[in-house]
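These notes concern the structure reproduced below.
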Amino acid sequence: MSRRSRPPRLLIVLAVLGAAIFAVPLLGLLARTPWRDLPSLLSSDIVIDALKLSLISSLGATVISAVVGVPLAWLLARVEFPGRRLVRGMVLLPLVLPPVVGGAALLFALGRRGLVGEPLYKATGLVVPFSVWGVILAVTFVSMPFLVITVEGALRNLDARFEGAAATLGATRWTVLRKVTLPMVMPSISSGLVLTWARALGEFGATITFAGNLQGRTQTLPLAVFVALESNRGTAIALSLVMVAVSLTVLVVLRERWWKTW
Amino acid sequence: MLMRRRAVSDAARNIAPTNATMRTATSGHVDDMPRVKQLSAGRPAHCGNIVRCYLPLVKWVRVVWVPAVVMMVTVSCGGSPSEIRVSAAASLTDAFAEVETAFEATHAGVDVVLNFGGSSALREQIIEGAPVDVFASANMSTMESVVAAGEVAVDPRVFARNLLEIAVPPGNPGNVTGLADFSRQDLLIGLCAEGVPCGDFGRQALEKAGVTPSIDSNEPDVRALLTKIELGEFDAGIVYVTDVTAAKGQVEGIEIPASDNVVATYPIAVLASAPNPDAAGVFVEFVLSDTGKAILSRYGFAAP
């Protein structure tokens, strides 16, 4: 037992190095923060507009992901159909694709001259890019895979006998889904949603490519940081601090609450 | 000692089959797996032999060392003394690509590495210590702030001039005729972001023309803006004359009258912290030479 309390030194050194990769940039940010000007920087229009838009778009993406992502995960985990592997690969693609590529692809598809966007524009006059809807769509594209991958994994590992038992007791398929399946994978859904939200909050590349960059309409926190970094560094740092604080709080608090049950 | 080692290897052998049987037994019930895995991966309770104790770690290292070696070799190949790193404004993309080819053809063994971006983004990289030899900016003020930060070795020299032009998609779907159309709400208008030279110049031109633009997006650099005009996603944007030339028919240009136009001045300088200052100086001379000027004028730049 005494050996267990003395972990191998080499591992500790490597682990500390690993932690430093995350800690040092944060310290760098804090070291450059103009603390005295922070209140006035944080109350500037740019910061408030960006914060509002980031909350709207990240929560919007989370809601959309919950509504269509969970069924998609269920489909991938439970239904055999030709091309399932391809669909799964496609769903997970945004995890590895540079977000800028995703944004460009969205533009080619849903832009005014795009595959779907052109008929849509001609029929309804609706322009998806350069609008809040464009931001939500871009952000959903990049962040939803986190939910799908988490929930699909949980559904695959679920013991099918529970659902079978419920069915033998006369539950309809819908009841089984509602009363057995969903409650059992709920911890995964919750943590998947948190990951999705966190990724959505930090999305940059797809947003600026597809939705453009306009304060109050499509300029989310990461975009505002990027632009401010080149013109007003104080604002950029204030914005970065807001992002770090919001994300860290949510990740720490929610992790305590949900991941434990995993 | 010998006895002891045997005991350990027996223990190891015992763990292995158990693990295997549990794997097969619980297949389909993967929720049991992590605990089993932890047992076998952790340090065995009666572990005397240091090599055996760390065997999992050694195996893990073997997975890591191949990519590590590949990475180190690649990294150490970069940054050789014959490399010149040039950070250049996005509007120079095509012209400098040809300058690079011409320079490398006459200076054997020298590799020019080009890094294009909005001048202001490049400035931030330089001020934050990026290893860059040469900086070519699309305006004087960005270069001046690099000079003010003490990052420039020799005084910047102007190597080209540029003018603004309105760019519209082929066919001009928004029927744009001049800067006045930039206030139309029904059009999708893109400009470069404020702080980026083309963004500042574009706003100056609009101000001269007395137009308050109805902007739909502030793009990070002029090429990002140009691409979205090419795609037809914006009805109009303000770019450089040279960008319209570079787009080769993918956009249409609409001239901005001289009274509203703004002249962009391009300075170039060797940086104080240049890893390769001598070669960098040669490159700057090349850009300023007749050969360099000829290439730049082919892309629509005016002489300094």
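By convention here, the chains of the structure tokens are called A, B, ... in the order presented, each chain's residues are numbered starting at 1, and ligands are numbered starting at 1 in the order presented.
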
Exercise for review: Hey, list the chain A side of the contact with chain B: 8 Å cut-off, only C-alpha atoms, answer as a list in words.
Suggested key: Met1, Gly111, Arg112, Arg113, Phe130, Asn157, Leu158, Asp159, Ile208, Gly212, Asn213, Leu214, Val227, Leu229, Glu230 and Ser231 of chain A

Save out the residues we just selected, N, CA and C atoms, as a PDB file, in the first residue's frame.
```pdb
ATOM      1  N   MET A   1       0.834  -1.192   0.000  1.00  0.00           N
ATOM      2  CA  MET A   1       0.000   0.000   0.000  1.00  0.00           C
ATOM      3  C   MET A   1       0.874   1.249   0.000  1.00  0.00           C
ATOM      4  N   GLY A 111     -24.274  29.302 -49.380  1.00  0.00           N
ATOM      5  CA  GLY A 111     -24.106  30.692 -49.792  1.00  0.00           C
ATOM      6  C   GLY A 111     -25.134  31.065 -50.857  1.00  0.00           C
ATOM      7  N   ARG A 112     -25.195  32.353 -51.182  1.00  0.00           N
ATOM      8  CA  ARG A 112     -26.189  32.812 -52.149  1.00  0.00           C
ATOM      9  C   ARG A 112     -26.022  32.157 -53.510  1.00  0.00           C
ATOM     10  N   ARG A 113     -24.780  31.737 -53.809  1.00  0.00           N
ATOM     11  CA  ARG A 113     -24.521  31.061 -55.079  1.00  0.00           C
ATOM     12  C   ARG A 113     -24.280  29.570 -54.844  1.00  0.00           C
ATOM     13  N   PHE A 130     -23.565  35.380 -43.193  1.00  0.00           N
ATOM     14  CA  PHE A 130     -23.556  36.772 -42.740  1.00  0.00           C
ATOM     15  C   PHE A 130     -24.798  37.121 -41.934  1.00  0.00           C
ATOM     16  N   ASN A 157     -22.767   0.724 -25.636  1.00  0.00           N
ATOM     17  CA  ASN A 157     -22.368  -0.020 -24.448  1.00  0.00           C
ATOM     18  C   ASN A 157     -23.548  -0.391 -23.553  1.00  0.00           C
ATOM     19  N   LEU A 158     -24.709   0.099 -23.903  1.00  0.00           N
ATOM     20  CA  LEU A 158     -25.886  -0.154 -23.086  1.00  0.00           C
ATOM     21  C   LEU A 158     -26.266  -1.627 -23.190  1.00  0.00           C
ATOM     22  N   ASP A 159     -26.581  -2.232 -22.066  1.00  0.00           N
ATOM     23  CA  ASP A 159     -27.002  -3.632 -22.075  1.00  0.00           C
ATOM     24  C   ASP A 159     -28.405  -3.728 -22.658  1.00  0.00           C
ATOM     25  N   ILE A 208     -16.004  32.639 -39.069  1.00  0.00           N
ATOM     26  CA  ILE A 208     -15.542  33.807 -39.818  1.00  0.00           C
ATOM     27  C   ILE A 208     -15.599  33.539 -41.318  1.00  0.00           C
ATOM     28  N   GLY A 212     -19.015  35.404 -41.654  1.00  0.00           N
ATOM     29  CA  GLY A 212     -18.413  36.726 -41.705  1.00  0.00           C
ATOM     30  C   GLY A 212     -18.209  37.294 -40.310  1.00  0.00           C
ATOM     31  N   ASN A 213     -17.952  38.581 -40.264  1.00  0.00           N
ATOM     32  CA  ASN A 213     -17.526  39.202 -39.018  1.00  0.00           C
ATOM     33  C   ASN A 213     -18.119  40.599 -38.947  1.00  0.00           C
ATOM     34  N   LEU A 214     -19.221  40.749 -38.217  1.00  0.00           N
ATOM     35  CA  LEU A 214     -19.830  42.068 -38.052  1.00  0.00           C
ATOM     36  C   LEU A 214     -20.311  42.214 -36.611  1.00  0.00           C
ATOM     37  N   VAL A 227     -10.016  40.089 -34.073  1.00  0.00           N
ATOM     38  CA  VAL A 227      -9.960  41.422 -34.659  1.00  0.00           C
ATOM     39  C   VAL A 227      -9.298  42.405 -33.691  1.00  0.00           C
ATOM     40  N   LEU A 229      -7.180  41.842 -31.403  1.00  0.00           N
ATOM     41  CA  LEU A 229      -5.762  41.559 -31.196  1.00  0.00           C
ATOM     42  C   LEU A 229      -4.901  42.426 -32.101  1.00  0.00           C
ATOM     43  N   GLU A 230      -5.461  42.809 -33.257  1.00  0.00           N
ATOM     44  CA  GLU A 230      -4.691  43.579 -34.226  1.00  0.00           C
ATOM     45  C   GLU A 230      -4.870  45.077 -34.063  1.00  0.00           C
ATOM     46  N   SER A 231      -5.915  45.481 -33.339  1.00  0.00           N
ATOM     47  CA  SER A 231      -6.140  46.922 -33.239  1.00  0.00           C
ATOM     48  C   SER A 231      -6.132  47.401 -31.797  1.00  0.00           C
TER      49      SER A 231
END
```

Exercise for review: Check region 121-184 of chain A with DSSP on the backbone and list each residue it calls helix (DSSP H, G or I), as a PyMOL selection string.
Suggested key: chain A and resi 121-124+132-157+160-168+173-184

Check your understanding: Hey, which of A:Leu38, A:Val225, A:Leu27, A:Ala73 ends up closest to Leu147 (chain A)? Count only C-alpha atoms.
Key -> A:Ala73

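One distance worth recording is that between CA of Ala211 (chain A) and CA of Leu179 (chain B), which is 23.8 Å.
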
Check your understanding: What lies within 10 Å of region 101-104 of chain B using only C-alpha atoms, ignoring chain neighbours under 6 positions off, as number ranges by chain?
Key -> B: 110-112, 282-283, 286-287, 291-292, 295

Point to revise | Residue with smallest distance to Met184 (chain A) - pool A:Ala165, A:Ala138, A:Leu53, A:Val151, counting only C-alpha atoms | key: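 Checking each of A:Ala165, A:Ala138, A:Leu53, A:Val151 against Met184 (chain A), counting only C-alpha atoms, the winner is A:Val151.
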
Exercise for review: Determine, counting only C-alpha atoms, which protein, DNA and RNA residues have an atom within 8 Å of an atom of Ile189 (chain A); residues of the same chain fewer than 3 positions away are not included. Present the result as a list in words.
Suggested key: Val70, Leu147, Thr150, Val151, Val185, Met186, Gly192 and Leu193 of chain A

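Put simply, CA of Met143 (chain B) is 19.8 Å away from CA of Phe226 (chain A).
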
Exercise for review: Name all residues at most 12 Å from Glu285 (chain B) (count only C-alpha atoms; drop same-chain ones fewer than 2 positions away) and give them as a PyMOL selection string.
Suggested key: chain B and resi 99+103+134+156-159+268-270+278-283+287-293

Atoms kept (N, CA and C atoms) for selection, written as a compact mmCIF listing (two decimals), in the first residue's frame:
```
# COMPACT_ATOMS: atom_id res chain seq x y z
N VAL B 99 8.21 36.75 -57.18
CA VAL B 99 9.50 37.27 -56.72
C VAL B 99 10.32 36.14 -56.10
N PHE B 103 13.92 34.97 -57.34
CA PHE B 103 15.04 35.11 -56.42
C PHE B 103 15.75 33.79 -56.22
N VAL B 134 12.16 39.34 -42.98
CA VAL B 134 11.75 40.51 -43.76
C VAL B 134 10.27 40.75 -43.55
N PRO B 156 12.90 51.32 -43.12
CA PRO B 156 12.07 50.72 -44.17
C PRO B 156 12.17 51.51 -45.48
N ARG B 157 12.05 50.81 -46.59
CA ARG B 157 12.08 51.48 -47.89
C ARG B 157 10.82 51.13 -48.66
N VAL B 158 10.30 52.15 -49.36
CA VAL B 158 9.08 51.95 -50.12
C VAL B 158 9.41 51.22 -51.42
N PHE B 159 8.71 50.13 -51.72
CA PHE B 159 9.03 49.38 -52.93
C PHE B 159 7.87 49.34 -53.93
N ILE B 268 9.19 47.98 -47.07
CA ILE B 268 9.80 46.68 -46.77
C ILE B 268 11.02 46.93 -45.89
N ALA B 269 11.30 46.01 -44.96
CA ALA B 269 12.45 46.20 -44.08
C ALA B 269 12.96 44.86 -43.56
N VAL B 270 14.28 44.82 -43.30
CA VAL B 270 14.88 43.68 -42.60
C VAL B 270 14.64 43.89 -41.12
N ASP B 278 21.80 38.74 -43.30
CA ASP B 278 22.54 39.01 -44.53
C ASP B 278 21.72 38.65 -45.77
N ALA B 279 21.23 37.40 -45.77
CA ALA B 279 20.42 36.97 -46.90
C ALA B 279 19.16 37.82 -47.01
N ALA B 280 18.62 38.24 -45.84
CA ALA B 280 17.42 39.07 -45.84
C ALA B 280 17.69 40.38 -46.56
N GLY B 281 18.87 40.97 -46.31
CA GLY B 281 19.25 42.21 -46.99
C GLY B 281 19.32 42.03 -48.49
N VAL B 282 19.88 40.89 -48.92
CA VAL B 282 19.98 40.60 -50.35
C VAL B 282 18.57 40.50 -50.96
N PHE B 283 17.66 39.87 -50.20
CA PHE B 283 16.29 39.72 -50.71
C PHE B 283 15.62 41.09 -50.88
N VAL B 287 14.02 42.85 -54.26
CA VAL B 287 12.66 43.37 -54.44
C VAL B 287 12.73 44.79 -55.00
N LEU B 288 13.74 45.58 -54.54
CA LEU B 288 13.87 46.97 -54.98
C LEU B 288 14.55 47.09 -56.35
N SER B 289 15.16 46.01 -56.82
CA SER B 289 15.89 46.05 -58.09
C SER B 289 14.94 46.16 -59.28
N ASP B 290 15.48 46.35 -60.47
CA ASP B 290 14.65 46.45 -61.67
C ASP B 290 13.87 45.16 -61.91
N THR B 291 14.53 44.02 -61.65
CA THR B 291 13.84 42.73 -61.82
C THR B 291 12.61 42.68 -60.91
N GLY B 292 12.83 43.06 -59.64
CA GLY B 292 11.73 43.05 -58.68
C GLY B 292 10.61 43.97 -59.10
N LYS B 293 10.99 45.18 -59.50
CA LYS B 293 9.98 46.18 -59.91
C LYS B 293 9.19 45.69 -61.11
```

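Going from CA of Val132 (chain A) to CA of Val67 (chain A) covers 19.1 Å.
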
Exercise for review: Considering only C-alpha atoms, return as a PyMOL selection string whatever protein or nucleic-acid residues lie within 7 Å of Ser54 (chain A), sequence-local ones (same chain, fewer than 6 positions apart) excluded.
Suggested key: chain A and resi 201+220-221

Exercise for review: Pick out the residues sitting within 9 Å of Ala167 (chain A), and hand them over as a ChimeraX atom specification; count only C-alpha atoms, and ignore anything fewer than 6 positions along from it in its own chain.
Suggested key: /A:173,175-176

Output N, CA and C atoms of each residue in that selection to a file, as a compact mmCIF listing (two decimals), in the first residue's frame.
```txt
# COMPACT_ATOMS: atom_id res chain seq x y z
N ARG A 173 -42.25 0.63 -28.08
CA ARG A 173 -40.87 1.02 -28.39
C ARG A 173 -40.59 2.45 -27.93
N THR A 175 -42.05 4.00 -25.43
CA THR A 175 -41.95 4.01 -23.97
C THR A 175 -40.58 3.50 -23.54
N VAL A 176 -40.11 2.43 -24.19
CA VAL A 176 -38.78 1.90 -23.86
C VAL A 176 -37.73 2.98 -24.04
```

**Study point:** Which residue of B:Asp243, B:Glu252, B:Asp260, B:Glu165 approaches Asp94 (chain B) most closely, using only C-alpha atoms
**Key:** B:Asp243
